[in-house]
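A.B. asks: Sending over structure-v8.tsv (TSV, C-alpha atoms).
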```
chain	number	residue	atom	x	y	z
A	1	MET	CA	12.44	10.07	-6.70
A	2	ILE	CA	11.57	7.88	-3.75
A	3	SER	CA	12.18	4.23	-4.43
A	4	LEU	CA	13.53	1.10	-2.79
A	5	TYR	CA	15.89	0.65	-5.76
A	6	PHE	CA	19.42	-0.31	-4.76
A	7	PRO	CA	21.82	1.13	-7.35
A	8	GLY	CA	24.41	-1.28	-8.67
A	9	HIS	CA	25.66	-3.25	-11.65
A	10	SER	CA	25.27	-6.85	-10.54
A	11	ARG	CA	24.00	-9.61	-12.84
A	12	LEU	CA	20.56	-9.30	-11.32
A	13	HIS	CA	20.49	-5.59	-12.15
A	14	CYS	CA	21.16	-6.39	-15.80
A	15	LEU	CA	18.40	-8.98	-16.19
A	16	PRO	CA	15.25	-7.60	-17.87
A	17	ALA	CA	12.38	-6.91	-15.45
A	18	GLY	CA	10.02	-9.22	-17.33
A	19	ILE	CA	12.34	-12.22	-16.86
A	20	LYS	CA	12.76	-11.49	-13.15
A	21	LEU	CA	9.02	-11.21	-12.66
A	22	SER	CA	8.28	-14.46	-14.52
A	23	GLY	CA	11.07	-16.14	-12.55
A	24	LEU	CA	9.46	-15.10	-9.28
A	25	ALA	CA	6.11	-16.47	-10.43
A	26	VAL	CA	7.63	-19.82	-11.40
A	27	ILE	CA	9.64	-20.15	-8.17
A	28	SER	CA	6.70	-19.22	-5.97
A	29	ILE	CA	4.60	-21.98	-7.54
A	30	GLY	CA	7.50	-24.44	-7.50
A	31	LEU	CA	8.12	-23.96	-3.76
A	32	TYR	CA	4.65	-24.99	-2.64
A	33	PRO	CA	4.87	-28.79	-3.15
A	34	ILE	CA	8.08	-29.02	-1.07
A	35	GLN	CA	7.17	-30.48	2.32
A	36	ASN	CA	10.58	-31.41	3.72
A	37	PRO	CA	12.22	-28.56	5.68
A	38	LEU	CA	15.71	-29.74	4.70
A	39	TRP	CA	14.99	-29.38	1.00
A	40	LEU	CA	14.13	-25.71	1.45
A	41	LEU	CA	17.46	-24.97	3.11
A	42	PRO	CA	19.34	-24.73	-0.24
A	43	ALA	CA	16.74	-22.20	-1.42
A	44	VAL	CA	17.32	-20.07	1.68
A	45	LEU	CA	21.08	-20.23	1.16
A	46	LEU	CA	20.73	-19.32	-2.53
A	47	VAL	CA	18.67	-16.27	-1.68
A	48	ILE	CA	21.27	-15.14	0.87
A	49	LEU	CA	23.95	-15.66	-1.78
A	50	ALA	CA	21.94	-13.57	-4.26
A	51	TYR	CA	21.80	-10.69	-1.76
A	52	TYR	CA	25.56	-11.08	-1.22
A	53	SER	CA	26.10	-10.81	-4.98
A	54	LEU	CA	24.58	-7.31	-4.98
A	55	GLY	CA	27.86	-5.98	-3.61
A	56	THR	CA	28.64	-3.85	-0.58
A	57	GLY	CA	25.58	-3.34	1.56
A	58	GLY	CA	23.66	-6.05	-0.27
A	59	LEU	CA	23.28	-8.35	2.71
A	60	ALA	CA	22.08	-5.47	4.91
A	61	ARG	CA	19.12	-5.10	2.54
A	62	MET	CA	17.74	-8.36	3.93
A	63	LEU	CA	16.81	-6.43	7.09
A	64	ILE	CA	13.75	-5.18	5.20
A	65	THR	CA	11.91	-8.20	6.64
A	66	LYS	CA	12.60	-7.02	10.21
A	67	PRO	CA	9.19	-5.37	10.79
A	68	LEU	CA	7.59	-8.73	9.96
A	69	LEU	CA	9.57	-10.53	12.66
A	70	PRO	CA	6.88	-10.54	15.39
A	71	LEU	CA	4.36	-11.86	12.86
A	72	PHE	CA	6.80	-14.58	11.76
A	73	VAL	CA	7.26	-15.71	15.35
A	74	LEU	CA	3.50	-15.79	15.87
A	75	ILE	CA	2.85	-17.72	12.63
A	76	PHE	CA	5.65	-20.17	13.46
A	77	ALA	CA	4.26	-20.77	16.96
A	78	VAL	CA	0.69	-21.28	15.72
A	79	GLN	CA	1.84	-23.68	13.02
A	80	TRP	CA	3.97	-25.67	15.47
A	81	TRP	CA	1.07	-25.80	17.91
A	82	THR	CA	-1.60	-26.86	15.40
A	83	GLN	CA	0.57	-29.03	13.11
A	84	ASN	CA	4.15	-29.99	13.91
A	85	LEU	CA	7.67	-28.57	13.96
A	86	ALA	CA	8.54	-29.76	10.44
A	87	SER	CA	5.60	-28.02	8.80
A	88	ALA	CA	6.29	-24.86	10.83
A	89	LEU	CA	9.87	-24.86	9.54
A	90	VAL	CA	8.70	-25.40	5.96
A	91	LEU	CA	6.26	-22.52	6.24
A	92	LEU	CA	8.81	-20.15	7.76
A	93	GLN	CA	11.46	-20.92	5.16
A	94	ARG	CA	9.01	-20.67	2.27
A	95	MET	CA	7.74	-17.30	3.45
A	96	LEU	CA	11.26	-15.99	3.96
A	97	VAL	CA	12.44	-17.17	0.53
A	98	LEU	CA	9.43	-15.70	-1.27
A	99	ILE	CA	9.52	-12.34	0.47
A	100	LEU	CA	13.27	-11.98	0.07
A	101	LEU	CA	13.12	-12.98	-3.61
A	102	ALA	CA	10.28	-10.59	-4.41
A	103	ASN	CA	12.14	-7.86	-2.58
A	104	LEU	CA	15.27	-8.70	-4.55
A	105	ILE	CA	13.44	-7.81	-7.76
A	106	THR	CA	12.37	-4.51	-6.28
A	107	LEU	CA	15.96	-3.78	-5.22
A	108	THR	CA	17.47	-4.53	-8.62
A	109	THR	CA	14.85	-3.04	-10.94
A	110	ARG	CA	14.30	0.66	-11.46
A	111	MET	CA	10.69	1.76	-11.15
A	112	ASP	CA	10.60	2.96	-14.76
A	113	ALA	CA	11.90	-0.42	-15.98
A	114	MET	CA	9.24	-2.14	-13.91
A	115	MET	CA	6.60	0.20	-15.33
A	116	ASP	CA	7.76	-0.57	-18.89
A	117	ALA	CA	7.52	-4.29	-18.17
A	118	VAL	CA	4.02	-4.02	-16.72
A	119	LEU	CA	2.33	-1.46	-19.02
A	120	PRO	CA	2.04	-3.82	-22.04
A	121	LEU	CA	0.21	-6.27	-19.77
A	122	LEU	CA	-2.34	-3.54	-19.06
A	123	SER	CA	-3.04	-2.83	-22.72
A	124	PRO	CA	-6.13	-5.10	-22.79
A	125	LEU	CA	-7.70	-2.36	-20.65
A	126	ARG	CA	-8.02	-0.35	-23.88
A	127	TRP	CA	-11.00	-2.54	-24.66
A	128	LEU	CA	-12.66	-0.92	-21.67
A	129	GLY	CA	-11.73	2.53	-22.92
A	130	ILE	CA	-8.87	3.02	-20.44
A	131	ARG	CA	-5.76	4.49	-22.03
A	132	THR	CA	-2.50	3.23	-20.54
A	133	GLU	CA	-0.85	6.67	-20.96
A	134	ARG	CA	-3.30	7.98	-18.41
A	135	ILE	CA	-2.30	5.23	-15.99
A	136	ALA	CA	1.35	6.14	-16.54
A	137	PHE	CA	0.49	9.79	-15.94
A	138	ALA	CA	-1.33	8.99	-12.72
A	139	VAL	CA	1.67	6.97	-11.51
A	140	ALA	CA	4.00	9.86	-12.36
A	141	LEU	CA	1.75	12.32	-10.52
A	142	LEU	CA	1.64	10.10	-7.44
A	143	VAL	CA	5.41	9.61	-7.41
A	144	ARG	CA	5.93	13.37	-7.83
A	145	PHE	CA	3.52	14.40	-5.08
A	146	VAL	CA	4.49	11.90	-2.40
A	147	PRO	CA	7.59	13.95	-1.38
A	148	VAL	CA	5.54	17.17	-1.51
A	149	LEU	CA	2.82	15.85	0.77
A	150	MET	CA	5.34	14.11	3.00
A	151	ALA	CA	7.08	17.48	3.49
A	152	VAL	CA	3.71	19.02	4.43
A	153	MET	CA	3.11	16.16	6.86
A	154	LEU	CA	6.55	16.55	8.46
A	155	ASN	CA	5.94	20.28	8.85
A	156	LEU	CA	2.67	19.57	10.61
A	157	LEU	CA	4.38	17.02	12.85
A	158	GLU	CA	7.14	19.49	13.74
A	159	ALA	CA	4.61	22.14	14.61
A	160	TRP	CA	2.69	19.56	16.63
A	161	LYS	CA	5.81	18.71	18.63
A	162	ALA	CA	6.63	22.40	19.10
A	163	ARG	CA	3.19	22.91	20.61
A	164	GLY	CA	3.88	20.16	23.12
A	165	GLY	CA	2.83	17.06	21.19
A	166	GLY	CA	0.53	14.60	22.86
A	167	ARG	CA	-1.32	11.43	22.04
A	168	ALA	CA	-3.98	12.82	19.72
A	169	VAL	CA	-1.52	13.12	16.84
A	170	TRP	CA	-4.12	11.64	14.46
A	171	GLN	CA	-5.84	15.03	14.51
A	172	LEU	CA	-3.17	16.16	12.06
A	173	ALA	CA	-5.05	14.14	9.44
A	174	ILE	CA	-7.59	17.01	9.25
A	175	PRO	CA	-5.28	19.85	8.12
A	176	MET	CA	-3.43	17.29	6.02
A	177	MET	CA	-6.58	16.36	4.10
A	178	ILE	CA	-7.54	19.97	3.53
A	179	ASN	CA	-4.01	20.75	2.29
A	180	ALA	CA	-4.07	17.81	-0.11
A	181	ILE	CA	-7.50	18.69	-1.49
A	182	ARG	CA	-6.49	22.32	-2.12
A	183	LEU	CA	-3.25	21.16	-3.75
A	184	SER	CA	-5.20	18.78	-5.97
A	185	ASP	CA	-7.41	21.64	-7.18
A	186	HIS	CA	-4.36	23.77	-7.98
A	187	VAL	CA	-2.67	20.96	-9.87
A	188	ALA	CA	-5.82	20.26	-11.87
A	189	GLU	CA	-6.10	23.96	-12.78
A	190	ALA	CA	-2.44	24.13	-13.77
A	191	LEU	CA	-2.90	21.04	-15.91
A	192	ALA	CA	-6.01	22.44	-17.60
A	193	ALA	CA	-4.14	25.68	-18.30
A	194	ARG	CA	-1.49	23.68	-20.13
A	195	GLY	CA	-3.96	21.84	-22.34
A	196	GLY	CA	-4.70	18.77	-20.25
A	197	ILE	CA	-3.03	15.42	-19.91
A	198	ARG	CA	-3.09	14.33	-23.56
A	199	SER	CA	-0.57	16.89	-24.75
A	200	HIS	CA	1.73	16.53	-21.78
A	201	SER	CA	1.70	12.83	-21.06
A	202	VAL	CA	5.27	12.40	-22.28
A	203	ASP	CA	6.87	15.61	-20.95
A	204	ALA	CA	5.32	15.30	-17.54
A	205	SER	CA	6.72	11.89	-16.77
A	206	PRO	CA	10.32	11.85	-18.01
A	207	SER	CA	11.40	9.61	-15.15
A	208	LEU	CA	8.96	6.94	-16.24
A	209	THR	CA	9.43	7.03	-19.99
A	210	LYS	CA	13.23	7.26	-19.94
A	211	LYS	CA	14.91	3.92	-20.53
A	212	SER	CA	17.45	2.91	-17.89
B	1	MET	CA	-12.44	10.28	-16.97
B	2	LYS	CA	-11.81	13.97	-16.52
B	3	ASP	CA	-8.27	15.19	-15.90
B	4	LYS	CA	-9.40	16.75	-12.66
B	5	THR	CA	-10.62	13.39	-11.38
B	6	LEU	CA	-7.36	11.75	-12.33
B	7	VAL	CA	-5.36	14.38	-10.44
B	8	GLN	CA	-7.64	13.94	-7.44
B	9	ILE	CA	-7.12	10.17	-7.45
B	10	ALA	CA	-3.33	10.48	-7.73
B	11	LEU	CA	-3.00	13.16	-5.05
B	12	TYR	CA	-5.21	11.25	-2.68
B	13	ALA	CA	-3.02	8.18	-3.11
B	14	ALA	CA	0.00	10.37	-2.33
B	15	LEU	CA	-1.81	11.60	0.77
B	16	ILE	CA	-2.19	8.02	2.02
B	17	ALA	CA	1.57	7.64	1.75
B	18	ALA	CA	2.10	10.86	3.74
B	19	LEU	CA	-0.31	9.68	6.44
B	20	GLY	CA	1.98	6.66	6.84
B	21	LEU	CA	4.49	9.10	8.40
B	22	ILE	CA	2.31	9.73	11.45
B	23	PRO	CA	4.09	7.79	14.18
B	24	PRO	CA	2.24	4.62	15.19
B	25	ILE	CA	0.23	5.00	18.38
B	26	PRO	CA	0.94	2.12	20.78
B	27	PHE	CA	-2.37	0.59	21.71
B	28	VAL	CA	-3.50	-1.55	24.65
B	29	THR	CA	-3.06	-4.82	22.75
B	30	GLY	CA	0.59	-3.95	22.14
B	31	ILE	CA	-0.02	-3.78	18.39
B	32	PRO	CA	0.66	-0.23	17.21
B	33	ILE	CA	-2.04	1.51	15.19
B	34	THR	CA	-0.79	3.12	12.02
B	35	ALA	CA	-2.66	5.90	10.31
B	36	GLN	CA	-2.56	4.20	6.94
B	37	THR	CA	-5.70	2.07	7.05
B	38	LEU	CA	-7.28	5.25	8.41
B	39	GLY	CA	-6.40	6.67	5.01
B	40	VAL	CA	-8.14	3.77	3.27
B	41	MET	CA	-11.38	4.43	5.15
B	42	LEU	CA	-11.05	8.17	4.48
B	43	ALA	CA	-10.53	7.47	0.76
B	44	GLY	CA	-13.94	5.83	0.57
B	45	VAL	CA	-15.72	8.61	2.45
B	46	MET	CA	-13.89	11.55	0.83
B	47	LEU	CA	-13.71	10.35	-2.77
B	48	GLY	CA	-16.77	8.10	-2.89
B	49	PRO	CA	-16.76	4.42	-3.90
B	50	GLY	CA	-15.50	4.61	-7.51
B	51	ARG	CA	-12.73	7.17	-7.09
B	52	GLY	CA	-11.77	5.74	-3.72
B	53	PHE	CA	-11.32	2.35	-5.35
B	54	LEU	CA	-9.19	3.73	-8.19
B	55	SER	CA	-7.07	5.82	-5.87
B	56	MET	CA	-6.26	2.82	-3.67
B	57	LEU	CA	-5.63	0.67	-6.75
B	58	LEU	CA	-3.11	3.23	-7.98
B	59	PHE	CA	-1.53	3.31	-4.54
B	60	ILE	CA	-0.92	-0.45	-4.31
B	61	PHE	CA	0.16	-0.54	-7.97
B	62	VAL	CA	2.94	1.97	-7.26
B	63	VAL	CA	3.87	0.08	-4.08
B	64	ALA	CA	4.27	-3.03	-6.24
B	65	LEU	CA	6.44	-1.08	-8.69
B	66	GLY	CA	8.87	-0.48	-5.84
B	67	ALA	CA	7.92	2.71	-3.98
B	68	PRO	CA	8.17	2.48	-0.16
B	69	LEU	CA	4.77	4.04	0.45
B	70	LEU	CA	3.39	1.73	3.13
B	71	SER	CA	3.78	2.82	6.75
B	72	GLY	CA	7.26	2.21	8.10
B	73	GLY	CA	8.69	2.69	4.60
B	74	ARG	CA	7.63	-0.75	3.41
B	75	GLY	CA	6.95	-1.46	-0.23
B	76	GLY	CA	8.03	-3.44	-3.24
B	77	LEU	CA	6.92	-6.83	-4.44
B	78	GLY	CA	7.75	-8.50	-1.10
B	79	VAL	CA	4.59	-6.99	0.35
B	80	PHE	CA	2.47	-9.04	-2.06
B	81	VAL	CA	3.89	-12.44	-1.14
B	82	GLY	CA	4.11	-11.89	2.63
B	83	PRO	CA	1.56	-12.92	5.24
B	84	THR	CA	-0.10	-9.48	5.19
B	85	ALA	CA	-0.50	-9.42	1.39
B	86	GLY	CA	-4.28	-9.75	1.62
B	87	PHE	CA	-4.57	-6.42	3.41
B	88	ALA	CA	-2.69	-4.51	0.73
B	89	ILE	CA	-4.71	-6.19	-2.03
B	90	GLY	CA	-7.91	-5.48	-0.10
B	91	PHE	CA	-7.28	-1.70	0.17
B	92	PRO	CA	-9.21	-0.76	-3.03
B	93	PHE	CA	-12.15	-3.01	-2.16
B	94	ALA	CA	-12.24	-1.71	1.41
B	95	ALA	CA	-12.33	1.87	0.12
B	96	PHE	CA	-15.09	0.98	-2.34
B	97	VAL	CA	-17.36	-0.61	0.26
B	98	THR	CA	-16.67	2.18	2.77
B	99	GLY	CA	-17.70	4.77	0.21
B	100	TRP	CA	-20.69	2.78	-1.03
B	101	VAL	CA	-22.14	2.20	2.44
B	102	ALA	CA	-21.47	5.79	3.52
B	103	LEU	CA	-23.20	7.03	0.36
B	104	LYS	CA	-26.26	4.85	1.04
B	105	LEU	CA	-26.49	6.17	4.60
B	106	GLU	CA	-25.77	9.75	3.60
B	107	ARG	CA	-29.26	10.82	4.70
B	108	ILE	CA	-28.74	10.11	8.44
B	109	ASN	CA	-25.68	12.21	9.22
B	110	LEU	CA	-22.09	12.29	8.07
B	111	PHE	CA	-20.63	11.04	11.34
B	112	SER	CA	-22.74	7.87	11.51
B	113	ALA	CA	-22.54	7.26	7.75
B	114	ALA	CA	-18.74	7.49	7.81
B	115	LEU	CA	-18.53	5.34	10.94
B	116	ILE	CA	-20.78	2.57	9.64
B	117	GLY	CA	-19.13	2.72	6.21
B	118	SER	CA	-15.68	2.38	7.78
B	119	LEU	CA	-16.80	-0.56	9.91
B	120	ALA	CA	-18.21	-2.33	6.85
B	121	GLY	CA	-15.43	-1.50	4.39
B	122	GLY	CA	-12.33	-0.70	6.41
B	123	ILE	CA	-12.82	-3.53	8.88
B	124	LEU	CA	-15.20	-6.25	7.62
B	125	VAL	CA	-14.12	-6.25	3.96
B	126	LEU	CA	-10.46	-5.51	4.66
B	127	TYR	CA	-10.24	-8.35	7.17
B	128	ILE	CA	-11.92	-10.81	4.80
B	129	PHE	CA	-9.15	-10.05	2.32
B	130	GLY	CA	-6.47	-9.96	5.03
B	131	ILE	CA	-7.49	-13.26	6.58
B	132	ALA	CA	-7.90	-14.96	3.19
B	133	GLY	CA	-4.40	-13.80	2.22
B	134	PHE	CA	-2.97	-14.96	5.54
B	135	LYS	CA	-4.66	-18.34	5.11
B	136	LEU	CA	-3.29	-18.69	1.58
B	137	VAL	CA	0.29	-17.82	2.58
B	138	THR	CA	0.46	-19.81	5.80
B	139	GLY	CA	-1.95	-22.66	4.98
B	140	ASN	CA	-3.70	-22.21	8.34
B	141	ASP	CA	-7.42	-22.92	8.57
B	142	TRP	CA	-9.93	-20.06	8.79
B	143	ALA	CA	-10.25	-20.28	12.57
B	144	SER	CA	-6.58	-19.93	13.44
B	145	ALA	CA	-5.99	-17.36	10.70
B	146	THR	CA	-8.80	-15.29	12.16
B	147	THR	CA	-7.42	-15.65	15.70
B	148	VAL	CA	-3.99	-14.38	14.67
B	149	MET	CA	-5.43	-11.42	12.78
B	150	ALA	CA	-7.93	-10.53	15.51
B	151	VAL	CA	-5.21	-8.73	17.51
B	152	PHE	CA	-5.39	-5.86	15.02
B	153	ILE	CA	-9.14	-5.36	15.26
B	154	PRO	CA	-9.34	-3.16	18.40
B	155	GLY	CA	-6.97	-0.64	16.81
B	156	ASP	CA	-9.04	-0.58	13.65
B	157	LEU	CA	-12.23	0.07	15.60
B	158	VAL	CA	-10.56	3.21	16.96
B	159	LYS	CA	-9.65	4.18	13.39
B	160	ALA	CA	-13.26	3.88	12.22
B	161	VAL	CA	-14.27	6.42	14.88
B	162	ILE	CA	-11.35	8.69	13.94
B	163	THR	CA	-12.41	8.49	10.27
B	164	ALA	CA	-15.87	9.72	11.21
B	165	VAL	CA	-14.42	12.57	13.31
B	166	VAL	CA	-12.00	13.61	10.56
B	167	ALA	CA	-14.66	13.39	7.83
B	168	GLN	CA	-16.94	15.65	9.83
B	169	ALA	CA	-14.17	18.15	10.59
B	170	VAL	CA	-13.09	18.32	6.95
B	171	TYR	CA	-16.71	18.71	5.90
B	172	LYS	CA	-17.01	21.76	8.16
B	173	GLY	CA	-13.82	23.28	6.78
B	174	LEU	CA	-14.28	22.40	3.10
B	175	PRO	CA	-17.75	20.99	2.36
B	176	SER	CA	-17.00	20.27	-1.31
B	177	ALA	CA	-14.26	17.82	-0.29
B	178	VAL	CA	-16.56	15.10	1.00
B	179	ALA	CA	-17.84	13.13	-2.01
B	180	VAL	CA	-20.31	11.12	0.03
B	181	LYS	CA	-22.15	14.37	0.87
B	182	GLN	CA	-22.35	15.65	-2.71
B	183	ALA	CA	-25.08	13.31	-3.96
```
Spit out the file's structure as structure tokens when you get a sec.
C.D. replies:
Amino acid sequence: MISLYFPGHSRLHCLPAGIKLSGLAVISIGLYPIQNPLWLLPAVLLVILAYYSLGTGGLARMLITKPLLPLFVLIFAVQWWTQNLASALVLLQRMLVLILLANLITLTTRMDAMMDAVLPLLSPLRWLGIRTERIAFAVALLVRFVPVLMAVMLNLLEAWKARGGGRAVWQLAIPMMINAIRLSDHVAEALAARGGIRSHSVDASPSLTKKS
Amino acid sequence: MKDKTLVQIALYAALIAALGLIPPIPFVTGIPITAQTLGVMLAGVMLGPGRGFLSMLLFIFVVALGAPLLSGGRGGLGVFVGPTAGFAIGFPFAAFVTGWVALKLERINLFSAALIGSLAGGILVLYIFGIAGFKLVTGNDWASATTVMAVFIPGDLVKAVITAVVAQAVYKGLPSAVAVKQA
């Protein structure tokens, strides 16, 4: 299964998902009133320490923020220009801490554990006639079919390169869509042939119902 | 909801993830265009407003659970506290408005309906969410938040045209696939 989960047995891995999520919510609210850049420095160091505690390769996981780097530079420059250096530093540190913390939860919590923590929160949807098992089933279907469709996409890209490539690579979206729509019809037929979602909601998503 | 609809919603969300694999096209402004917001516009046109909305909602839900489905393999909770959080949260609403507008204009022709729908949903609505999120995270005022985000707009204009081209091509190949044309 595709996931950003980082296998390990650190303290953070053992904490229940619900506690980690509430912790993130509390910290993200608590960080906002801080206006002195020096006071945020301990928070930054603590987050780095937390990544270190994940074990070998833990610190390297911080690189996940790399694609955001140009945007960070831009935001920092705009803030410095319109406000002052101190507020730009506060903003940068706060963003870094929040993103790294949120990502830390993703790294240390299996997707099924996260799902188990979130599904009870969705139960009020029953009042609207939405059954949470169906949401779980849809999640399982999506997770199962991402690798399938990604393989189709990679095949199309390979063939595209073999034909000489070129700039108009977006055209591959057309065969891709048609493939996905046909696949969706087949899956729906296969599901109907097996009695629909109700009778299979548990079997079909073992990875999401299994406790970690 | 019928099982078939549910499968359609889930597979379409998976398709958006696969479209994220298309290598970004470097554009004149230096900001690469990724095919993913293209997928959001297509969701509205192909699935219609309601299903498009649900499919995108499912997509960002699974991203939040920890699947690296966004282009460049991004995902996880970090996406929802970063400066671009508004865009991810806006995906379902963008798909809804795209589909709704395209459905209303269905009588002119598919190309124009999809194009105008994408401009309204995939650009106008998505940027309102994106800029609001950016403003909330960085504390900038509306004007400077809009200026920073404006660099992405030219690329998205191209995507709206591509959406219309793709919708028309798929309609030729598989007419039943375009929800906006089934009314």
A.B. asks: Could you write out as a list in words the residues of chain B within 6 Å of chain A, counting all atoms listed in the file?
C.D. replies: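 Therefore, the residues near the partner are Lys4, Gln8, Ala10, Ala14, Ala18, Leu65, Gly66, Ala67, Gly76, Leu77, Gly78, Val81, Gly82 and Val166 of chain B.
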A.B. asks: Compare B:Thr163, B:Met149, B:Pro154, B:Phe61 by their minimum atom-to-atom distance to Leu122 in chain A, counting all atoms listed in the file, and give me the closest one.
C.D. replies: B:Phe61
A.B. asks: A:Gly165, A:Ala159, A:Arg11, A:Arg131: which is nearest Met1 in chain B, counting all atoms listed in the file?
C.D. replies: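 Looking at the shortest contact to Met1 in chain B, the residue is A:Arg131.
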A.B. asks: For a test of reading the model, state the distance in Å between CA of Leu119 in chain B and CA of Ala160 in chain B, rounded to one decimal.
C.D. replies: 6.1 Å
A.B. asks: To one decimal place, how far is CA of Val101 in chain B from CA of Gly117 in chain B in Å?
C.D. replies: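 Between these atoms lies a distance of 4.9 Å.
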A.B. asks: Report, in Å with one decimal, the straight-line distance from CA of Asn36 in chain A to CA of Gly23 in chain A.
C.D. replies: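 About the pair CA of Asn36 in chain A and CA of Gly23 in chain A: they are 22.3 Å apart.
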A.B. asks: I need the residue nearest Pro23 in chain B from this list: B:Gly122, B:Gly173, B:Gly73, B:Gly90. Use all atoms listed in the file for the distance.
C.D. replies: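 Selected residue with least distance to Pro23 in chain B: B:Gly73.
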A.B. asks: Using all atoms listed in the file, which residues sit within 10 Å of Val165 in chain B once same-chain residues fewer than 3 positions away are excluded, as a list in words?
C.D. replies: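 Contacts, in chain order: Gln171 and Ile174 of chain A; Leu110, Phe111, Ser112, Ala114, Leu115, Lys159, Ala160, Val161, Ile162, Gln168, Ala169, Val170 and Tyr171 of chain B.
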A.B. asks: Please list, as a ChimeraX atom specification, the residues that have an atom at most 9 Å away from (-16.8, 5.5, -5.9) in the coordinates of this file, counting only C-alpha atoms.
C.D. replies: /B:44-45,47-54,95-97,99-100,179-180
A.B. asks: Using only C-alpha atoms, can you tell me which of A:Val26, A:Val73, A:Leu12, A:Leu89 comes closest to Gly58 in chain A?
C.D. replies: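 Of A:Val26, A:Val73, A:Leu12, A:Leu89, the one nearest Gly58 in chain A, counting only C-alpha atoms, is A:Leu12.
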A.B. asks: Show me as a VMD selection string the residues that reach within 10 Å of (-4.7, -17.6, 13.5), counting all atoms listed in the file and using the file's own coordinates.
C.D. replies: (chain A and resid 74 to 75 78 to 79 82) or (chain B and resid 131 134 to 135 138 140 to 151)
A.B. asks: How about saving the chosen residues, C-alpha atoms kept, as a PDB file, in the coordinates of the input?
C.D. replies:
```
ATOM      1  CA  LEU A  74       3.500 -15.790  15.870  1.00  0.00           C
ATOM      2  CA  ILE A  75       2.850 -17.720  12.630  1.00  0.00           C
ATOM      3  CA  VAL A  78       0.690 -21.280  15.720  1.00  0.00           C
ATOM      4  CA  GLN A  79       1.840 -23.680  13.020  1.00  0.00           C
ATOM      5  CA  THR A  82      -1.600 -26.860  15.400  1.00  0.00           C
TER       6      THR A  82
ATOM      7  CA  ILE B 131      -7.490 -13.260   6.580  1.00  0.00           C
ATOM      8  CA  PHE B 134      -2.970 -14.960   5.540  1.00  0.00           C
ATOM      9  CA  LYS B 135      -4.660 -18.340   5.110  1.00  0.00           C
ATOM     10  CA  THR B 138       0.460 -19.810   5.800  1.00  0.00           C
ATOM     11  CA  ASN B 140      -3.700 -22.210   8.340  1.00  0.00           C
ATOM     12  CA  ASP B 141      -7.420 -22.920   8.570  1.00  0.00           C
ATOM     13  CA  TRP B 142      -9.930 -20.060   8.790  1.00  0.00           C
ATOM     14  CA  ALA B 143     -10.250 -20.280  12.570  1.00  0.00           C
ATOM     15  CA  SER B 144      -6.580 -19.930  13.440  1.00  0.00           C
ATOM     16  CA  ALA B 145      -5.990 -17.360  10.700  1.00  0.00           C
ATOM     17  CA  THR B 146      -8.800 -15.290  12.160  1.00  0.00           C
ATOM     18  CA  THR B 147      -7.420 -15.650  15.700  1.00  0.00           C
ATOM     19  CA  VAL B 148      -3.990 -14.380  14.670  1.00  0.00           C
ATOM     20  CA  MET B 149      -5.430 -11.420  12.780  1.00  0.00           C
ATOM     21  CA  ALA B 150      -7.930 -10.530  15.510  1.00  0.00           C
ATOM     22  CA  VAL B 151      -5.210  -8.730  17.510  1.00  0.00           C
TER      23      VAL B 151
END
```
A.B. asks: Using all atoms listed in the file, which residue out of B:Arg74, B:Arg107, B:Lys172, B:Lys181 lies closest to Leu21 in chain B?
C.D. replies: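 With all atoms listed in the file as the atom set, the closest residue is B:Arg74.
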A.B. asks: If you count all atoms listed in the file, which residues fall within 9 Å of Leu57 in chain B, apart from same-chain ones fewer than 5 positions away, as a ChimeraX atom specification?
C.D. replies: /B:13,52,62,89,91-93
A.B. asks: Using only C-alpha atoms, which of B:Gly121, B:Gly20, B:Gly130, B:Gly86 sits nearest Ala102 in chain B?
C.D. replies: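 When distances to Ala102 in chain B are compared using only C-alpha atoms, the smallest one comes from B:Gly121.
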